[in-house]
Structures are given as structure tokens and as C-alpha cells.
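File shown: run-v5.tsv. Contents: TSV, C-alpha atoms.
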```
chain	number	residue	atom	x	y	z
W	186	MET	CA	-229.11	102.04	-56.87
W	187	THR	CA	-230.99	102.92	-53.71
W	188	THR	CA	-230.94	106.66	-53.05
W	189	ALA	CA	-230.24	108.40	-49.76
W	190	GLY	CA	-233.86	109.48	-49.57
W	191	GLU	CA	-235.13	105.96	-50.12
W	192	LYS	CA	-232.90	104.61	-47.36
W	193	LEU	CA	-234.15	107.31	-45.00
W	194	LYS	CA	-237.78	106.63	-45.86
W	195	SER	CA	-237.33	102.86	-45.51
W	196	SER	CA	-235.70	103.26	-42.10
W	197	ARG	CA	-238.44	105.65	-40.96
W	198	LEU	CA	-241.20	103.23	-41.97
W	199	GLU	CA	-239.40	100.33	-40.29
W	200	LYS	CA	-239.42	102.32	-37.06
W	201	GLY	CA	-243.11	103.07	-37.49
W	202	LEU	CA	-242.58	106.80	-37.66
W	203	SER	CA	-244.58	109.30	-39.65
W	204	LEU	CA	-243.08	112.41	-41.22
W	205	GLU	CA	-244.81	114.42	-38.50
W	206	ASP	CA	-243.11	112.30	-35.81
W	207	VAL	CA	-239.70	112.98	-37.34
W	208	SER	CA	-240.54	116.66	-37.79
W	209	LYS	CA	-241.42	117.09	-34.10
W	210	SER	CA	-238.14	115.50	-33.01
W	211	THR	CA	-235.81	117.09	-35.56
W	212	LYS	CA	-237.61	120.47	-35.92
W	213	ILE	CA	-237.45	119.98	-39.70
W	214	LYS	CA	-240.67	120.73	-41.57
W	215	SER	CA	-242.56	117.67	-42.83
W	216	ALA	CA	-242.52	119.07	-46.35
W	217	PHE	CA	-238.72	119.32	-46.26
W	218	LEU	CA	-238.44	115.75	-45.02
W	219	GLU	CA	-240.64	114.61	-47.89
W	220	TYR	CA	-238.43	116.51	-50.39
W	221	ILE	CA	-235.39	114.73	-48.96
W	222	GLU	CA	-236.99	111.31	-49.24
W	223	LYS	CA	-237.92	112.04	-52.87
W	224	GLY	CA	-234.47	113.43	-53.64
W	225	GLU	CA	-235.95	116.83	-54.50
W	226	TYR	CA	-233.17	118.77	-52.84
W	227	GLN	CA	-233.68	121.78	-55.08
W	228	LYS	CA	-236.91	122.51	-53.20
W	229	LEU	CA	-235.12	122.99	-49.89
W	230	PRO	CA	-234.38	126.56	-48.68
W	231	SER	CA	-230.67	126.52	-49.52
W	232	VAL	CA	-227.63	124.35	-50.23
W	233	SER	CA	-226.45	124.48	-46.63
W	234	TYR	CA	-229.94	123.64	-45.39
W	235	ALA	CA	-230.09	120.59	-47.66
W	236	HIS	CA	-226.85	119.21	-46.23
W	237	GLY	CA	-227.84	119.98	-42.63
W	238	PHE	CA	-231.35	118.56	-42.93
W	239	VAL	CA	-230.14	115.29	-44.45
W	240	ARG	CA	-227.44	114.88	-41.79
W	241	ASN	CA	-229.87	115.55	-38.94
W	242	TYR	CA	-232.38	113.11	-40.43
W	243	VAL	CA	-229.66	110.44	-40.69
W	244	LEU	CA	-228.55	110.98	-37.09
W	245	PHE	CA	-232.13	110.86	-35.83
W	246	LEU	CA	-232.75	107.50	-37.48
W	247	GLY	CA	-229.40	106.15	-36.30
W	248	LEU	CA	-228.18	105.26	-39.76
W	249	ASP	CA	-224.58	105.15	-41.00
W	250	GLU	CA	-223.78	108.82	-41.52
W	251	LYS	CA	-220.81	108.25	-43.84
W	252	GLU	CA	-222.79	105.92	-46.11
W	253	ILE	CA	-225.91	108.07	-46.40
W	254	MET	CA	-224.03	111.36	-46.76
W	255	ALA	CA	-221.86	109.81	-49.50
W	256	LEU	CA	-225.03	108.86	-51.39
W	257	PHE	CA	-226.43	112.33	-50.82
W	258	ARG	CA	-223.32	114.00	-52.24
W	259	ARG	CA	-223.43	111.78	-55.34
W	260	GLU	CA	-227.10	112.61	-55.93
W	261	PHE	CA	-226.83	116.27	-55.09
W	262	ASP	CA	-226.43	118.42	-58.23
W	263	PHE	CA	-224.82	121.61	-57.00
W	264	ASP	CA	-225.18	123.37	-60.35
W	265	LYS	CA	-228.94	122.93	-60.27
W	266	THR	CA	-229.41	123.72	-56.61
W	267	GLN	CA	-226.94	126.53	-56.00
W	268	ARG	CA	-229.83	128.98	-56.55
W	269	VAL	CA	-232.52	127.07	-54.66
W	270	LEU	CA	-234.51	130.13	-53.59
W	271	PRO	CA	-236.97	131.70	-56.00
W	272	LYS	CA	-235.40	134.74	-57.61
W	273	GLY	CA	-237.79	137.13	-55.90
W	274	ILE	CA	-237.01	135.76	-52.43
W	275	ASP	CA	-233.29	135.63	-53.16
W	276	ALA	CA	-233.35	139.22	-54.40
W	277	GLU	CA	-235.33	140.33	-51.36
W	278	ARG	CA	-232.85	138.66	-49.04
W	279	GLU	CA	-229.93	140.32	-50.84
W	280	PHE	CA	-231.77	143.64	-50.65
W	281	GLN	CA	-232.30	143.22	-46.91
W	282	ASN	CA	-228.63	142.33	-46.43
W	283	SER	CA	-227.62	145.39	-48.44
W	284	LYS	CA	-229.88	147.58	-46.32
W	285	ARG	CA	-228.30	146.19	-43.14
W	286	ARG	CA	-224.82	146.82	-44.51
W	287	ILE	CA	-225.78	150.38	-45.47
W	288	ARG	CA	-227.29	151.02	-42.03
W	289	LEU	CA	-224.21	149.61	-40.32
W	290	THR	CA	-221.91	151.71	-42.50
W	291	THR	CA	-224.01	154.81	-41.83
W	292	VAL	CA	-223.91	154.23	-38.08
W	293	MET	CA	-220.14	153.73	-38.18
W	294	VAL	CA	-219.67	156.93	-40.20
W	295	VAL	CA	-221.89	158.92	-37.83
W	296	VAL	CA	-220.07	157.56	-34.76
W	297	ALA	CA	-216.68	158.28	-36.33
W	298	PHE	CA	-217.76	161.83	-37.23
W	299	PHE	CA	-219.11	162.39	-33.71
W	300	LEU	CA	-215.86	161.16	-32.14
W	301	PHE	CA	-213.84	163.35	-34.51
W	302	LEU	CA	-216.03	166.35	-33.66
W	303	MET	CA	-215.63	165.72	-29.94
W	304	PHE	CA	-211.86	165.47	-30.41
W	305	ILE	CA	-211.76	168.78	-32.28
W	306	LEU	CA	-213.95	170.47	-29.68
W	307	PHE	CA	-211.76	169.11	-26.89
W	308	GLN	CA	-208.58	170.28	-28.60
W	309	TYR	CA	-209.95	173.75	-29.32
W	310	ARG	CA	-212.29	174.19	-26.37
W	311	ASN	CA	-210.14	177.10	-25.18
W	312	ALA	CA	-211.09	179.00	-28.31
W	313	PHE	CA	-214.68	179.10	-27.10
W	314	LEU	CA	-214.36	178.95	-23.31
W	315	SER	CA	-212.71	181.39	-20.96
W	316	PRO	CA	-210.12	179.81	-18.67
W	317	SER	CA	-211.06	178.82	-15.15
W	318	LEU	CA	-209.60	180.97	-12.37
W	319	THR	CA	-209.80	180.30	-8.65
W	320	ILE	CA	-208.12	182.50	-6.03
W	321	ILE	CA	-207.19	180.43	-3.01
W	322	THR	CA	-205.61	183.18	-0.92
W	323	PRO	CA	-206.17	185.88	0.09
W	324	LYS	CA	-209.93	185.77	0.51
W	325	ASP	CA	-211.97	188.74	-0.61
W	326	LYS	CA	-212.36	191.39	2.14
W	327	SER	CA	-209.36	190.00	4.03
W	328	VAL	CA	-207.45	192.09	6.56
W	329	ILE	CA	-203.70	192.00	5.95
W	330	ASN	CA	-201.29	192.85	8.74
W	331	SER	CA	-198.23	192.96	6.53
W	332	SER	CA	-196.65	195.07	3.83
W	333	GLN	CA	-196.72	192.04	1.51
W	334	VAL	CA	-199.43	189.64	0.41
W	335	THR	CA	-199.13	186.37	-1.49
W	336	ILE	CA	-201.76	185.53	-4.09
W	337	ASN	CA	-202.20	181.78	-4.57
W	338	GLY	CA	-204.57	180.40	-7.16
W	339	LYS	CA	-205.35	177.85	-9.81
W	340	THR	CA	-206.21	178.19	-13.48
W	341	ASP	CA	-205.96	176.17	-16.68
W	342	PRO	CA	-202.48	175.05	-17.72
W	343	ASP	CA	-200.98	176.84	-20.74
W	344	THR	CA	-202.48	180.18	-19.74
W	345	THR	CA	-200.81	183.45	-18.81
W	346	VAL	CA	-201.65	184.93	-15.41
W	347	TYR	CA	-201.25	188.56	-14.44
W	348	VAL	CA	-201.45	189.95	-10.91
W	349	ASP	CA	-201.83	193.71	-11.13
W	350	LYS	CA	-200.22	193.63	-14.61
W	351	ASN	CA	-197.28	191.54	-13.34
W	352	GLU	CA	-196.94	188.28	-15.24
W	353	VAL	CA	-196.92	185.17	-13.05
W	354	SER	CA	-195.60	181.72	-13.95
W	355	VAL	CA	-198.10	178.84	-13.99
W	356	ASP	CA	-197.02	175.23	-13.41
W	357	GLY	CA	-198.19	172.16	-15.33
W	358	SER	CA	-201.23	171.70	-13.10
W	359	GLY	CA	-202.31	175.34	-13.34
W	360	ILE	CA	-201.10	176.40	-9.89
W	361	PHE	CA	-199.59	179.87	-9.52
W	362	SER	CA	-198.29	182.05	-6.69
W	363	LYS	CA	-197.19	185.68	-6.55
W	364	THR	CA	-196.08	187.88	-3.64
W	365	ILE	CA	-196.59	191.63	-4.04
W	366	ASN	CA	-196.00	194.69	-1.91
W	367	VAL	CA	-199.04	196.51	-0.55
W	368	PHE	CA	-199.59	199.76	1.24
W	369	PRO	CA	-201.83	200.49	4.21
W	370	GLY	CA	-205.45	201.09	3.40
W	371	PHE	CA	-208.04	199.45	1.16
W	372	THR	CA	-206.54	197.87	-1.94
W	373	THR	CA	-208.02	196.02	-4.90
W	374	ILE	CA	-205.89	193.32	-6.49
W	375	ILE	CA	-206.78	192.35	-10.06
W	376	ILE	CA	-205.90	188.85	-11.26
W	377	LYS	CA	-206.30	187.86	-14.91
W	378	SER	CA	-205.90	184.54	-16.70
W	379	ILE	CA	-205.56	184.68	-20.50
W	380	ASN	CA	-205.33	181.64	-22.80
W	381	LYS	CA	-203.63	181.46	-26.19
W	382	PHE	CA	-206.89	182.37	-27.93
W	383	GLN	CA	-207.03	185.58	-25.86
W	384	ARG	CA	-210.02	184.33	-23.90
W	385	GLU	CA	-209.81	186.02	-20.50
W	386	THR	CA	-211.09	185.54	-16.98
W	387	GLN	CA	-210.67	188.21	-14.32
W	388	ARG	CA	-211.01	188.21	-10.54
W	389	LYS	CA	-210.88	191.17	-8.12
W	390	ILE	CA	-209.83	190.76	-4.51
W	391	ASP	CA	-210.40	193.62	-2.06
W	392	ILE	CA	-208.15	193.64	0.99
W	393	ASN	CA	-207.67	195.95	3.94
W	394	VAL	CA	-203.94	196.46	4.63
W	395	LYS	CA	-203.20	197.58	8.18
W	396	GLY	CA	-199.46	197.27	7.88
W	397	PRO	CA	-196.96	195.33	9.98
```
Can the structure in the file be given as C-alpha cells, please?
Amino acid sequence: MTTAGEKLKSSRLEKGLSLEDVSKSTKIKSAFLEYIEKGEYQKLPSVSYAHGFVRNYVLFLGLDEKEIMALFRREFDFDKTQRVLPKGIDAEREFQNSKRRIRLTTVMVVVAFFLFLMFILFQYRNAFLSPSLTIITPKDKSVINSSQVTINGKTDPDTTVYVDKNEVSVDGSGIFSKTINVFPGFTTIIIKSINKFQRETQRKIDINVKGP
């Protein structure tokens, strides 16, 4: 029975093509083409390569793909060719794949740890940082022509604000407001913001009260 390789070789010669001509067009090495024509499939790089090379060779020559591939499958001994690479090369490839898997796993673990660390730091940032505190009004060194003054400011949510030791409510966005009585003369107003970890920020506002 004529083999797949013999049919390929016969068709190639009929077309006046050399192995180099076929190699240039199919990008398959001449040595691999020669192995195919001789039926020495075990010398090809791998099982999948053997199938792909034969199919591409068939298509290039314009032969009946079903017929040639059926011959190829009958001739192809999977048990003998399932380990077509030399053991050293095969082991090296497996080693390289293992190294890539280890590197990928390591990178994923490092990224996951970094994200977890950032999450923890974000959740407990108030344990290390003092709360922000901005006094909007009155401005420092202001002159007040009233017996009352309203302190408006902004801090971190979930903090406790004190204006001259008087606790002030803070809304969900950190805004607070407190009106206090003042007496004529120079007065210092002390505003404190304290978070749940007892981290504190303090501001002092000096005002000059001239009365109503």
C-alpha cells in the first residue's frame, strides 16, 4: 500500500518541486518534510506538529486532504510517538513550564498580599493618622461684632469634635457647625477633632469681640 509520505513525495516530484521549494512556501523545515515523506513521524517535534505539518503539506500540493490524512492516521503509531522529544529536551521544557507557573503563582500571591495590605491600611488608617480639621469660619484674627459666633468646619466622618470642650455633632460628610456665646475682648477658641483611635487634631482661632 502506498503511504501518505510516498504520495506526497510523488506529487512534489510531479510538480518539479524540491524540498527547499516546499519549505520556503510552507515554512516547514526541509528535514521535517523529508521525515514525513519517509514516514518517520517520530522524528518530528511533537504529535501535534506531525499532524499539522502533514496537513499543511497536503494542502500546499493540492491533494485530497481526507485521503492523505486517513493514510497518515493509519500509519501514525501514537504509542511510539507520544514522547517524540528527547527526554532531556522534554524535561527541560517541563522545567521551564514549571518555572513559569511558579513565577506566575508568586506574582499573584505578591499582588494579593499587597492588595490585602492596602485594604488593611485603608481600613485602619485612622489608627496612624490624625484626622483632618479645617475651620471655615470664623477666620483667625477676625473681628466679631456680636455676642455670638458660629464655628463652621470640616473634618473626617466618624470623629468627635469639641469646640471649647463642648461636643459638636458631625454629619456623614464631616461637616460641623456650633454657635457659642462670646464676651467682648480678645478670645481664643479651641477646636479639637478626635477619632476612635484617640488620634487628635487641634486648631486655635483668635478673635476680637467688640460686642453688638
* Within-12 Å shell of (-198.3, 180.9, -10.1) in input frame, all atoms listed in the file, as a ChimeraX atom specification -> /W:318-322,335-348,351-364,376-378
* Go through W:Pro230, W:Ala312, W:Asp249, W:Val295 one by one, measure the shortest atom-to-atom distance of each to Lys381 of chain W using all atoms listed in the file, and give the residue with the smallest value. =>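 Among the listed residues, the smallest separation from Lys381 of chain W belongs to W:Ala312.
For the pair atom CA of Glu385 of chain W and atom CA of Phe301 of chain W, the interatomic distance is 27.0 Å.
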* Scan for residues within 6 Å of the point (-224.7, 115.5, -47.3) in the coordinates of the file, using all atoms listed in the file, and reply as number ranges by chain. => W: 236, 254, 257-258
* Asked: atom CA of Ser208 of chain W and atom CA of Phe238 of chain W are how many Å apart?
  -> 10.7 Å
Is there a way to complete segment 349-382 of chain W with N, CA and C atoms and then write that out as an mmCIF file, in the frame of the given file?
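Just written: rebuild-v4.cif:
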```
data_model
loop_
_atom_site.group_PDB
_atom_site.id
_atom_site.type_symbol
_atom_site.label_atom_id
_atom_site.label_comp_id
_atom_site.auth_asym_id
_atom_site.auth_seq_id
_atom_site.Cartn_x
_atom_site.Cartn_y
_atom_site.Cartn_z
ATOM 1 N N ASP W 349 -202.083 192.269 -11.008
ATOM 2 C CA ASP W 349 -201.830 193.710 -11.130
ATOM 3 C C ASP W 349 -200.815 194.011 -12.231
ATOM 4 N N LYS W 350 -201.034 193.422 -13.401
ATOM 5 C CA LYS W 350 -200.220 193.630 -14.610
ATOM 6 C C LYS W 350 -198.843 192.980 -14.550
ATOM 7 N N ASN W 351 -198.558 192.265 -13.439
ATOM 8 C CA ASN W 351 -197.280 191.540 -13.340
ATOM 9 C C ASN W 351 -197.514 190.086 -13.751
ATOM 10 N N GLU W 352 -196.763 189.647 -14.755
ATOM 11 C CA GLU W 352 -196.940 188.280 -15.240
ATOM 12 C C GLU W 352 -196.454 187.275 -14.194
ATOM 13 N N VAL W 353 -197.217 186.193 -14.047
ATOM 14 C CA VAL W 353 -196.920 185.170 -13.050
ATOM 15 C C VAL W 353 -196.776 183.823 -13.751
ATOM 16 N N SER W 354 -195.791 183.044 -13.341
ATOM 17 C CA SER W 354 -195.600 181.720 -13.950
ATOM 18 C C SER W 354 -196.656 180.745 -13.434
ATOM 19 N N VAL W 355 -197.089 179.849 -14.324
ATOM 20 C CA VAL W 355 -198.100 178.840 -13.990
ATOM 21 C C VAL W 355 -197.483 177.477 -14.227
ATOM 22 N N ASP W 356 -197.629 176.552 -13.235
ATOM 23 C CA ASP W 356 -197.020 175.230 -13.410
ATOM 24 C C ASP W 356 -197.924 174.324 -14.247
ATOM 25 N N GLY W 357 -197.474 173.095 -14.448
ATOM 26 C CA GLY W 357 -198.190 172.160 -15.330
ATOM 27 C C GLY W 357 -199.587 171.811 -14.875
ATOM 28 N N SER W 358 -199.886 171.994 -13.605
ATOM 29 C CA SER W 358 -201.230 171.700 -13.100
ATOM 30 C C SER W 358 -202.094 172.949 -12.968
ATOM 31 N N GLY W 359 -201.545 174.104 -13.384
ATOM 32 C CA GLY W 359 -202.310 175.340 -13.340
ATOM 33 C C GLY W 359 -202.176 176.135 -12.051
ATOM 34 N N ILE W 360 -201.295 175.702 -11.156
ATOM 35 C CA ILE W 360 -201.100 176.400 -9.890
ATOM 36 C C ILE W 360 -200.158 177.597 -10.096
ATOM 37 N N PHE W 361 -200.481 178.704 -9.446
ATOM 38 C CA PHE W 361 -199.590 179.870 -9.520
ATOM 39 C C PHE W 361 -199.543 180.551 -8.149
ATOM 40 N N SER W 362 -198.467 181.314 -7.955
ATOM 41 C CA SER W 362 -198.290 182.050 -6.690
ATOM 42 C C SER W 362 -197.470 183.309 -6.972
ATOM 43 N N LYS W 363 -197.892 184.415 -6.344
ATOM 44 C CA LYS W 363 -197.190 185.680 -6.550
ATOM 45 C C LYS W 363 -197.275 186.526 -5.276
ATOM 46 N N THR W 364 -196.115 186.995 -4.809
ATOM 47 C CA THR W 364 -196.080 187.880 -3.640
ATOM 48 C C THR W 364 -195.850 189.306 -4.115
ATOM 49 N N ILE W 365 -196.704 190.224 -3.637
ATOM 50 C CA ILE W 365 -196.590 191.630 -4.040
ATOM 51 C C ILE W 365 -196.551 192.520 -2.803
ATOM 52 N N ASN W 366 -196.026 193.703 -2.986
ATOM 53 C CA ASN W 366 -196.000 194.690 -1.910
ATOM 54 C C ASN W 366 -197.326 195.451 -1.891
ATOM 55 N N VAL W 367 -197.792 195.752 -0.700
ATOM 56 C CA VAL W 367 -199.040 196.510 -0.550
ATOM 57 C C VAL W 367 -198.843 197.621 0.478
ATOM 58 N N PHE W 368 -199.677 198.608 0.342
ATOM 59 C CA PHE W 368 -199.590 199.760 1.240
ATOM 60 C C PHE W 368 -200.831 199.797 2.136
ATOM 61 N N PRO W 369 -200.695 200.425 3.280
ATOM 62 C CA PRO W 369 -201.830 200.490 4.210
ATOM 63 C C PRO W 369 -203.062 201.108 3.545
ATOM 64 N N GLY W 370 -204.196 200.582 3.936
ATOM 65 C CA GLY W 370 -205.450 201.090 3.400
ATOM 66 C C GLY W 370 -206.161 200.009 2.583
ATOM 67 N N PHE W 371 -207.264 200.390 1.970
ATOM 68 C CA PHE W 371 -208.040 199.450 1.160
ATOM 69 C C PHE W 371 -207.416 199.347 -0.233
ATOM 70 N N THR W 372 -207.195 198.122 -0.654
ATOM 71 C CA THR W 372 -206.540 197.870 -1.940
ATOM 72 C C THR W 372 -207.314 196.812 -2.727
ATOM 73 N N THR W 373 -207.393 197.025 -4.013
ATOM 74 C CA THR W 373 -208.020 196.020 -4.900
ATOM 75 C C THR W 373 -206.928 195.383 -5.754
ATOM 76 N N ILE W 374 -206.856 194.081 -5.683
ATOM 77 C CA ILE W 374 -205.890 193.320 -6.490
ATOM 78 C C ILE W 374 -206.642 192.688 -7.657
ATOM 79 N N ILE W 375 -206.139 192.898 -8.858
ATOM 80 C CA ILE W 375 -206.780 192.350 -10.060
ATOM 81 C C ILE W 375 -205.940 191.196 -10.600
ATOM 82 N N ILE W 376 -206.577 190.043 -10.732
ATOM 83 C CA ILE W 376 -205.900 188.850 -11.260
ATOM 84 C C ILE W 376 -206.582 188.463 -12.568
ATOM 85 N N LYS W 377 -205.763 188.247 -13.605
ATOM 86 C CA LYS W 377 -206.300 187.860 -14.910
ATOM 87 C C LYS W 377 -205.629 186.563 -15.382
ATOM 88 N N SER W 378 -206.422 185.731 -16.046
ATOM 89 C CA SER W 378 -205.900 184.540 -16.700
ATOM 90 C C SER W 378 -206.299 184.598 -18.163
ATOM 91 N N ILE W 379 -205.312 184.530 -19.067
ATOM 92 C CA ILE W 379 -205.560 184.680 -20.500
ATOM 93 C C ILE W 379 -204.995 183.464 -21.236
ATOM 94 N N ASN W 380 -205.835 182.790 -22.038
ATOM 95 C CA ASN W 380 -205.330 181.640 -22.800
ATOM 96 C C ASN W 380 -204.785 182.080 -24.150
ATOM 97 N N LYS W 381 -204.297 181.121 -24.932
ATOM 98 C CA LYS W 381 -203.630 181.460 -26.190
ATOM 99 C C LYS W 381 -204.591 181.988 -27.255
ATOM 100 N N PHE W 382 -205.896 181.824 -27.000
ATOM 101 C CA PHE W 382 -206.890 182.370 -27.930
ATOM 102 C C PHE W 382 -207.407 183.720 -27.430
#
```
